[in-house]
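Heads up, input25.pdb below (PDB, C-alpha atoms):
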ATOM      1  CA  MET P   1      21.529   0.068  51.463
ATOM      2  CA  LEU P   2      19.232  -2.902  51.381
ATOM      3  CA  ILE P   3      16.227  -0.640  50.923
ATOM      4  CA  TYR P   4      18.007   1.155  48.086
ATOM      5  CA  ALA P   5      18.797  -2.128  46.366
ATOM      6  CA  LYS P   6      15.187  -3.277  46.688
ATOM      7  CA  ARG P   7      13.961   0.004  45.205
ATOM      8  CA  VAL P   8      16.296  -0.353  42.245
ATOM      9  CA  ALA P   9      15.150  -3.916  41.704
ATOM     10  CA  ALA P  10      11.506  -2.855  41.903
ATOM     11  CA  MET P  11      11.990  -0.071  39.368
ATOM     12  CA  LEU P  12      13.740  -2.427  36.968
ATOM     13  CA  ALA P  13      10.948  -4.951  37.385
ATOM     14  CA  VAL P  14       8.400  -2.270  36.494
ATOM     15  CA  ALA P  15      10.511  -1.443  33.429
ATOM     16  CA  GLY P  16      10.349  -5.093  32.472
ATOM     17  CA  LEU P  17       6.567  -5.110  32.774
ATOM     18  CA  PHE P  18       6.404  -1.962  30.648
ATOM     19  CA  ALA P  19       8.509  -3.669  27.998
ATOM     20  CA  GLY P  20       6.106  -6.588  28.066
ATOM     21  CA  GLY P  21       3.235  -4.193  27.470
ATOM     22  CA  THR P  22       5.110  -2.705  24.530
ATOM     23  CA  VAL P  23       5.518  -6.184  23.082
ATOM     24  CA  ALA P  24       1.801  -6.871  23.301
ATOM     25  CA  THR P  25       0.894  -3.473  21.838
ATOM     26  CA  ALA P  26       3.341  -3.808  18.944
ATOM     27  CA  LEU P  27       2.167  -7.315  18.113
ATOM     28  CA  ALA P  28      -1.461  -6.197  18.241
ATOM     29  CA  ALA P  29      -0.707  -3.276  15.921
ATOM     30  CA  ASN P  30       1.093  -5.583  13.515
ATOM     31  CA  HIS P  31      -1.829  -8.002  13.570
ATOM     32  CA  HIS P  32      -4.248  -5.175  12.781
ATOM     33  CA  ARG P  33      -2.072  -4.005   9.895
ATOM     34  CA  HIS P  34      -2.393  -7.374   8.187
ATOM     35  CA  HIS P  35      -6.046  -7.920   8.951
ATOM     36  CA  HIS P  36      -7.300  -6.799   5.548
ATOM     37  CA  HIS P  37      -5.431  -9.613   3.796
ATOM     38  CA  VAL P  38      -8.005 -12.122   4.906
ATOM     39  CA  SER P  39     -10.628 -11.273   2.320
ATOM     40  CA  ALA P  40      -8.255 -10.705  -0.608
ATOM     41  CA  ILE P  41      -9.488 -11.620  -4.045
ATOM     42  CA  PRO P  42      -7.643 -14.659  -5.362
ATOM     43  CA  GLN P  43      -6.155 -14.928  -8.828
ATOM     44  CA  HIS P  44      -6.988 -17.567 -11.480
ATOM     45  CA  ASN P  45     -10.610 -16.412 -11.762
ATOM     46  CA  GLY P  46     -11.300 -17.315  -8.182
ATOM     47  CA  GLY P  47     -12.878 -14.033  -7.140
ATOM     48  CA  ASP P  48     -15.055 -11.415  -8.716
ATOM     49  CA  HIS P  49     -13.893 -11.925 -12.310
ATOM     50  CA  ASP P  50     -11.921  -8.744 -12.716
ATOM     51  CA  SER P  51      -8.561  -8.808 -14.439
ATOM     52  CA  ASP P  52      -6.537  -9.317 -11.285
ATOM     53  CA  ASN P  53      -8.113 -12.719 -10.880
ATOM     54  CA  ASN P  54      -6.732 -13.792 -14.222
ATOM     55  CA  GLY P  55      -3.160 -12.665 -14.148
ATOM     56  CA  GLY P  56      -3.944  -9.104 -15.203
ATOM     57  CA  PRO P  57      -2.938  -6.049 -13.212
ATOM     58  CA  SER P  58      -4.409  -5.580  -9.777
ATOM     59  CA  ASP P  59      -7.404  -3.248  -9.756
ATOM     60  CA  GLY P  60      -8.185  -0.658  -7.108
ATOM     61  CA  ASP P  61     -10.529  -2.688  -4.959
ATOM     62  CA  GLY P  62     -10.154  -2.468  -1.221
ATOM     63  CA  ASN P  63     -11.068  -6.042  -0.336
ATOM     64  CA  THR P  64     -14.628  -5.401   0.751
TER
ATOM     65  CA  MET O   1      25.885  -5.670  51.050
ATOM     66  CA  THR O   2      25.586  -9.255  49.915
ATOM     67  CA  THR O   3      21.825  -8.909  49.713
ATOM     68  CA  ARG O   4      22.182  -5.706  47.718
ATOM     69  CA  ARG O   5      24.609  -7.367  45.308
ATOM     70  CA  ASN O   6      22.221 -10.289  44.857
ATOM     71  CA  ALA O   7      19.305  -7.998  44.119
ATOM     72  CA  LEU O   8      21.238  -5.988  41.575
ATOM     73  CA  ALA O   9      22.711  -9.139  40.038
ATOM     74  CA  ILE O  10      19.170 -10.270  39.253
ATOM     75  CA  ALA O  11      17.663  -6.902  38.379
ATOM     76  CA  PHE O  12      20.212  -5.642  35.870
ATOM     77  CA  PRO O  13      20.155  -8.712  33.570
ATOM     78  CA  LEU O  14      16.353  -8.622  33.651
ATOM     79  CA  ALA O  15      16.337  -4.967  32.699
ATOM     80  CA  PHE O  16      18.837  -5.602  29.917
ATOM     81  CA  ILE O  17      16.706  -8.419  28.510
ATOM     82  CA  ALA O  18      13.618  -6.203  28.691
ATOM     83  CA  LEU O  19      15.433  -3.451  26.819
ATOM     84  CA  LEU O  20      16.622  -5.831  24.092
ATOM     85  CA  THR O  21      13.109  -7.261  23.755
ATOM     86  CA  THR O  22      11.600  -3.801  23.400
ATOM     87  CA  VAL O  23      14.065  -2.821  20.681
ATOM     88  CA  ALA O  24      13.635  -6.122  18.830
ATOM     89  CA  VAL O  25       9.852  -5.949  18.895
ATOM     90  CA  ALA O  26       9.819  -2.317  17.808
ATOM     91  CA  LEU O  27      11.966  -3.252  14.819
ATOM     92  CA  ALA O  28       9.785  -6.260  14.058
ATOM     93  CA  ALA O  29       6.617  -4.176  14.239
ATOM     94  CA  GLY O  30       8.035  -1.696  11.761
ATOM     95  CA  GLY O  31       9.413  -4.288   9.380
ATOM     96  CA  GLY O  32       6.927  -7.094   9.842
ATOM     97  CA  SER O  33       4.981  -6.122   6.756
ATOM     98  CA  GLY O  34       8.148  -6.045   4.706
ATOM     99  CA  GLU O  35       7.897  -2.284   4.593
ATOM    100  CA  LYS O  36      10.248   0.157   6.195
ATOM    101  CA  PRO O  37       8.055   3.058   7.343
ATOM    102  CA  HIS O  38      10.465   5.721   6.170
ATOM    103  CA  ALA O  39      11.868   3.876   3.171
ATOM    104  CA  ALA O  40      11.005   4.319  -0.478
ATOM    105  CA  ARG O  41       9.497   7.753  -0.035
ATOM    106  CA  HIS O  42      10.688   9.671  -3.027
ATOM    107  CA  PRO O  43       8.373  12.586  -3.749
ATOM    108  CA  ALA O  44      10.688  13.496  -6.639
ATOM    109  CA  ALA O  45       9.447  10.342  -8.349
ATOM    110  CA  PHE O  46       6.114  12.154  -8.715
ATOM    111  CA  ALA O  47       7.481  15.398 -10.110
ATOM    112  CA  TRP O  48       5.602  14.606 -13.303
ATOM    113  CA  LEU O  49       2.245  14.769 -11.484
ATOM    114  CA  HIS O  50       0.516  17.978 -12.508
ATOM    115  CA  PRO O  51      -3.250  18.307 -12.990
ATOM    116  CA  ALA O  52      -4.005  18.560 -16.681
ATOM    117  CA  SER O  53      -6.998  18.663 -18.998
ATOM    118  CA  VAL O  54      -7.843  15.649 -21.114
ATOM    119  CA  PRO O  55      -5.996  15.682 -24.470
ATOM    120  CA  ALA O  56      -8.076  15.843 -27.614
ATOM    121  CA  GLY O  57      -9.077  12.446 -28.933
ATOM    122  CA  TRP O  58      -8.847  10.648 -25.610
ATOM    123  CA  THR O  59     -11.649   8.487 -24.248
ATOM    124  CA  THR O  60     -13.267   9.454 -20.956
ATOM    125  CA  VAL O  61     -15.499   7.228 -18.834
ATOM    126  CA  ARG O  62     -17.398   8.223 -15.722
ATOM    127  CA  LEU O  63     -17.832   6.059 -12.655
ATOM    128  CA  PRO O  64     -21.518   5.439 -11.924
ATOM    129  CA  GLY O  65     -22.872   7.608  -9.145
ATOM    130  CA  SER O  66     -19.579   9.413  -8.778
ATOM    131  CA  ALA O  67     -17.849  12.522 -10.019
ATOM    132  CA  ALA O  68     -14.784  10.443 -10.908
ATOM    133  CA  ARG O  69     -13.691  10.441 -14.535
ATOM    134  CA  LEU O  70     -11.032   8.220 -16.040
ATOM    135  CA  SER O  71      -9.431   9.084 -19.363
ATOM    136  CA  ALA O  72      -7.249   7.048 -21.698
ATOM    137  CA  PRO O  73      -5.623   7.491 -25.097
ATOM    138  CA  ALA O  74      -7.582   6.746 -28.242
ATOM    139  CA  GLY O  75      -7.719   3.050 -28.968
ATOM    140  CA  TRP O  76      -7.905   1.908 -25.384
ATOM    141  CA  LYS O  77     -10.929  -0.270 -24.747
ATOM    142  CA  ALA O  78     -13.237  -0.779 -21.808
ATOM    143  CA  ALA O  79     -12.669  -4.042 -19.936
ATOM    144  CA  ALA O  80     -14.840  -5.934 -17.481
ATOM    145  CA  GLY O  81     -14.358  -5.197 -13.821
ATOM    146  CA  ASP O  82     -16.059  -4.991 -10.482
ATOM    147  CA  PRO O  83     -19.455  -3.262 -10.283
ATOM    148  CA  GLY O  84     -19.100   0.483  -9.888
ATOM    149  CA  THR O  85     -15.611   0.544 -11.353
ATOM    150  CA  ARG O  86     -14.216   1.410 -14.767
ATOM    151  CA  THR O  87     -11.272  -0.189 -16.540
ATOM    152  CA  LEU O  88      -9.621   0.818 -19.792
ATOM    153  CA  VAL O  89      -6.895  -1.310 -21.357
ATOM    154  CA  SER O  90      -4.526  -1.382 -24.275
ATOM    155  CA  ARG O  91      -3.674  -4.830 -25.615
ATOM    156  CA  GLY O  92      -0.758  -6.165 -27.600
ATOM    157  CA  PRO O  93      -0.980  -8.233 -30.785
ATOM    158  CA  SER O  94      -1.611 -11.471 -28.907
ATOM    159  CA  GLY O  95      -4.199  -9.912 -26.618
ATOM    160  CA  GLN O  96      -1.931  -9.413 -23.629
ATOM    161  CA  ILE O  97      -2.478  -6.297 -21.537
ATOM    162  CA  VAL O  98       0.212  -3.723 -22.265
ATOM    163  CA  GLY O  99      -1.523  -0.765 -20.655
ATOM    164  CA  TYR O 100      -4.090  -0.746 -17.859
ATOM    165  CA  LEU O 101      -6.153   1.943 -16.185
ATOM    166  CA  ASN O 102      -8.698   1.320 -13.459
ATOM    167  CA  ALA O 103     -10.758   3.603 -11.256
ATOM    168  CA  THR O 104     -12.494   2.182  -8.209
ATOM    169  CA  PRO O 105     -14.400   3.975  -5.462
ATOM    170  CA  ARG O 106     -12.722   3.737  -2.092
ATOM    171  CA  GLN O 107     -14.015   0.546  -0.520
ATOM    172  CA  GLY O 108     -12.036  -0.517   2.504
ATOM    173  CA  ASP O 109      -9.635   0.781   5.100
ATOM    174  CA  GLU O 110      -7.614   2.845   2.659
ATOM    175  CA  ASN O 111      -6.549   6.232   3.925
ATOM    176  CA  ALA O 112      -4.155   8.877   2.711
ATOM    177  CA  ALA O 113      -1.665   8.392   5.526
ATOM    178  CA  ASP O 114      -1.220   4.656   5.039
ATOM    179  CA  TRP O 115      -2.044   4.325   1.356
ATOM    180  CA  ALA O 116       1.323   3.076   0.128
ATOM    181  CA  GLY O 117       1.561   0.410   2.820
ATOM    182  CA  PHE O 118      -2.042  -0.599   2.261
ATOM    183  CA  ARG O 119      -1.581  -0.986  -1.477
ATOM    184  CA  VAL O 120       1.523  -3.149  -1.432
ATOM    185  CA  ALA O 121       0.009  -5.268   1.347
ATOM    186  CA  HIS O 122      -3.143  -5.611  -0.742
ATOM    187  CA  ASN O 123      -1.148  -6.794  -3.740
ATOM    188  CA  ARG O 124       0.627  -9.361  -1.604
ATOM    189  CA  GLY O 125      -2.733 -10.427  -0.219
ATOM    190  CA  GLU O 126      -3.955 -11.102  -3.741
ATOM    191  CA  GLY O 127      -1.136 -13.559  -4.232
ATOM    192  CA  ASP O 128       1.322 -11.302  -6.007
ATOM    193  CA  ARG O 129       4.992 -12.044  -5.383
ATOM    194  CA  GLU O 130       8.146  -9.992  -5.492
ATOM    195  CA  VAL O 131       6.124  -6.928  -4.562
ATOM    196  CA  ARG O 132       8.484  -3.982  -4.446
ATOM    197  CA  ARG O 133       7.578  -0.518  -3.278
ATOM    198  CA  LEU O 134       9.608   1.828  -5.434
ATOM    199  CA  ALA O 135       8.369   5.248  -4.354
ATOM    200  CA  SER O 136       5.518   6.880  -2.534
ATOM    201  CA  ALA O 137       4.315  10.344  -1.650
ATOM    202  CA  ARG O 138       1.401  12.125   0.004
ATOM    203  CA  HIS O 139      -0.324  15.469  -0.410
ATOM    204  CA  LEU O 140      -0.106  15.317  -4.195
ATOM    205  CA  HIS O 141      -2.288  17.606  -6.279
ATOM    206  CA  PHE O 142      -4.881  16.323  -8.692
ATOM    207  CA  ARG O 143      -7.661  18.137 -10.496
ATOM    208  CA  SER O 144      -9.760  19.561  -7.628
ATOM    209  CA  ALA O 145      -8.421  16.848  -5.336
ATOM    210  CA  THR O 146      -5.435  15.669  -3.350
ATOM    211  CA  GLY O 147      -3.968  12.210  -3.196
ATOM    212  CA  SER O 148      -1.432   9.727  -1.961
ATOM    213  CA  CYS O 149       0.435   7.642  -4.520
ATOM    214  CA  VAL O 150       2.732   4.666  -4.656
ATOM    215  CA  ILE O 151       4.800   3.224  -7.484
ATOM    216  CA  ASP O 152       5.448  -0.481  -7.086
ATOM    217  CA  SER O 153       6.081  -3.613  -9.088
ATOM    218  CA  TYR O 154       4.934  -7.185  -8.648
ATOM    219  CA  LEU O 155       4.685 -10.604 -10.221
ATOM    220  CA  THR O 156       1.206 -12.088 -10.344
ATOM    221  CA  SER O 157       0.612 -15.662  -9.310
ATOM    222  CA  SER O 158      -0.035 -16.318 -12.992
ATOM    223  CA  GLY O 159       3.470 -15.184 -13.845
ATOM    224  CA  ASN O 160       2.780 -11.741 -15.293
ATOM    225  CA  ARG O 161       4.960  -8.907 -14.114
ATOM    226  CA  TYR O 162       3.589  -5.374 -13.789
ATOM    227  CA  ARG O 163       4.662  -1.999 -12.632
ATOM    228  CA  GLU O 164       1.962   0.333 -11.366
ATOM    229  CA  ILE O 165       1.158   3.812 -10.227
ATOM    230  CA  ALA O 166      -1.641   3.537  -7.666
ATOM    231  CA  CYS O 167      -3.188   6.597  -6.071
ATOM    232  CA  LEU O 168      -5.906   7.208  -3.514
ATOM    233  CA  VAL O 169      -7.457  10.498  -4.576
ATOM    234  CA  ALA O 170      -9.826  12.478  -2.369
ATOM    235  CA  GLY O 171     -12.092  15.006  -4.056
ATOM    236  CA  ARG O 172     -14.891  17.142  -2.669
ATOM    237  CA  SER O 173     -17.566  14.485  -2.960
ATOM    238  CA  SER O 174     -15.786  11.200  -3.566
ATOM    239  CA  THR O 175     -12.579   9.332  -2.866
ATOM    240  CA  THR O 176     -11.374   7.070  -5.642
ATOM    241  CA  VAL O 177      -8.463   4.771  -6.356
ATOM    242  CA  ILE O 178      -6.784   5.059  -9.739
ATOM    243  CA  VAL O 179      -4.417   2.349 -10.890
ATOM    244  CA  ALA O 180      -2.188   2.766 -13.939
ATOM    245  CA  ALA O 181      -0.151  -0.312 -14.815
ATOM    246  CA  ALA O 182       1.954  -1.852 -17.552
ATOM    247  CA  PRO O 183       4.521  -4.614 -17.878
ATOM    248  CA  PRO O 184       7.977  -3.273 -16.955
ATOM    249  CA  SER O 185       9.193  -4.217 -20.425
ATOM    250  CA  ARG O 186       6.631  -1.783 -21.845
ATOM    251  CA  TRP O 187       7.053   0.954 -19.274
ATOM    252  CA  HIS O 188       9.291   3.096 -21.481
ATOM    253  CA  PHE O 189       6.418   3.376 -23.959
ATOM    254  CA  GLU O 190       3.303   3.108 -21.793
ATOM    255  CA  GLY O 191       4.680   4.996 -18.790
ATOM    256  CA  PRO O 192       4.285   8.493 -20.290
ATOM    257  CA  LEU O 193       0.716   7.684 -21.364
ATOM    258  CA  LEU O 194      -0.140   6.292 -17.943
ATOM    259  CA  ARG O 195       1.321   9.314 -16.195
ATOM    260  CA  ARG O 196      -0.685  11.597 -18.474
ATOM    261  CA  ALA O 197      -3.838   9.624 -17.685
ATOM    262  CA  VAL O 198      -3.172  10.059 -13.963
ATOM    263  CA  ASN O 199      -2.675  13.773 -14.504
ATOM    264  CA  THR O 200      -6.091  14.054 -16.098
ATOM    265  CA  PHE O 201      -7.895  11.990 -13.479
ATOM    266  CA  ARG O 202     -10.569  13.729 -11.476
ATOM    267  CA  THR O 203     -12.872  12.678  -8.654
TER
END

Please express the file's structure as structure tokens.
Amino acid sequence: MLIYAKRVAAMLAVAGLFAGGTVATALAANHHRHHHHVSAIPQHNGGDHDSDNNGGPSDGDGNT
Amino acid sequence: MTTRRNALAIAFPLAFIALLTTVAVALAAGGGSGEKPHAARHPAAFAWLHPASVPAGWTTVRLPGSAARLSAPAGWKAAAGDPGTRTLVSRGPSGQIVGYLNATPRQGDENAADWAGFRVAHNRGEGDREVRRLASARHLHFRSATGSCVIDSYLTSSGNRYREIACLVAGRSSTTVIVAAAPPSRWHFEGPLLRRAVNTFRT
């Protein structure tokens, strides 16, 4: 019975580690999804002088 | 038996916590961008999208070095924009933009599968607030091309509110973004013209 209990505990511990891996993967994916915000063109004429820098509609640029 | 009980008493709470953490993080990963992956997909919102020829009297501009052509109703004027792009606008009596069309070659990480999420995230990244994704769809037909589109609305940091149709359109030789926008208060009038302009777009 003791061996059985230890096996159950070990399996649950592995499940916990797997969950931790899922956490890291999900956070990394979320970080990647927001990465392209960094180089966004600011408004108020702070970027490349297209209309979206001056309160106009956002153009189709992809932040490169 | 006591040892077994002790082991299980520790293991089960740990497993439960791990399970809760996994569920919570999965939800956070899906909603962290403010977007629900399966929300706001209303292909019926694009039922109007049918490839069409350019109406007589419209203005057509061509993107440099590209097969992309953007058309707008008579009276719309070219506006300054990024190099390699074309913008046509209609202005109100006081000079405010009441209709806006822009075509820009694909520049960044945009792709058909994630276009809607990319676009609304991009608008937020430019400082827009109250960005709302209203509808999106993929595998839409354009003239000799296919595209992904999103309809969303936002408030610029300068306080101007717009509603837009933004599409990533992939043709044989080029992939281009077309943006058609107008203030929501003008959408009832400009919307049909913008939709027609999107229908005539080619790349």

Could you tell me, as an mmCIF file with C-alpha atoms, in the coordinates of the input, exactly which residues end up selected when the PyMOL selection byres ((chain O and resi 133) around 9) is applied to this structure?
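Wrote expr_22.cif, looks like this:
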data_model
loop_
_atom_site.group_PDB
_atom_site.id
_atom_site.type_symbol
_atom_site.label_atom_id
_atom_site.label_comp_id
_atom_site.auth_asym_id
_atom_site.auth_seq_id
_atom_site.Cartn_x
_atom_site.Cartn_y
_atom_site.Cartn_z
ATOM 1 C CA GLU O 35 7.897 -2.284 4.593
ATOM 2 C CA ALA O 39 11.868 3.876 3.171
ATOM 3 C CA ALA O 40 11.005 4.319 -0.478
ATOM 4 C CA ALA O 116 1.323 3.076 0.128
ATOM 5 C CA GLY O 117 1.561 0.410 2.820
ATOM 6 C CA VAL O 120 1.523 -3.149 -1.432
ATOM 7 C CA VAL O 131 6.124 -6.928 -4.562
ATOM 8 C CA ARG O 132 8.484 -3.982 -4.446
ATOM 9 C CA LEU O 134 9.608 1.828 -5.434
ATOM 10 C CA ALA O 135 8.369 5.248 -4.354
ATOM 11 C CA SER O 136 5.518 6.880 -2.534
ATOM 12 C CA VAL O 150 2.732 4.666 -4.656
ATOM 13 C CA ILE O 151 4.800 3.224 -7.484
ATOM 14 C CA ASP O 152 5.448 -0.481 -7.086
ATOM 15 C CA SER O 153 6.081 -3.613 -9.088
ATOM 16 C CA TYR O 154 4.934 -7.185 -8.648
#

In Å to one decimal, how far is CA of Glu130 in chain O from CA of Ala45 in chain O?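 Computing it gives 20.6 Å between the two atoms.
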
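Note that the spacing between CA of Asp52 in chain P and CA of Ser185 in chain O amounts to 18.9 Å.
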
Selection result for the PyMOL selection byres ((chain O and resi 187) around 12) on this file, as a VMD selection string: chain O and resid 98 to 100 153 161 to 165 180 to 186 188 to 195

Compile the contact shell of Thr87 in chain O as a list in words: residues with an atom at most 8 Å away, counting all atoms listed in the file, same-chain residues fewer than 6 positions apart removed.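 Result of the neighbour search: Ala78, Ala79, Ala80, Gly81, Tyr100, Leu101, Asn102 and Ala103 of chain O.
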
Would you kindly return, as number ranges by chain, each protein, DNA or RNA residue with an atom no farther than 9 Å from any atom of Trp48 in chain O, considering all atoms listed in the file and excluding same-chain residues fewer than 4 positions away? O: 44, 195-196, 199

Include C-alpha atoms and write out the residues we just selected as an mmCIF file, in the frame of the given file.
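Generated file (out_4.cif):
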data_model
loop_
_atom_site.group_PDB
_atom_site.id
_atom_site.type_symbol
_atom_site.label_atom_id
_atom_site.label_comp_id
_atom_site.auth_asym_id
_atom_site.auth_seq_id
_atom_site.Cartn_x
_atom_site.Cartn_y
_atom_site.Cartn_z
ATOM 1 C CA ALA O 44 10.688 13.496 -6.639
ATOM 2 C CA ARG O 195 1.321 9.314 -16.195
ATOM 3 C CA ARG O 196 -0.685 11.597 -18.474
ATOM 4 C CA ASN O 199 -2.675 13.773 -14.504
#

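The space between CA of Leu63 in chain O and CA of Val177 in chain O spans 11.4 Å.
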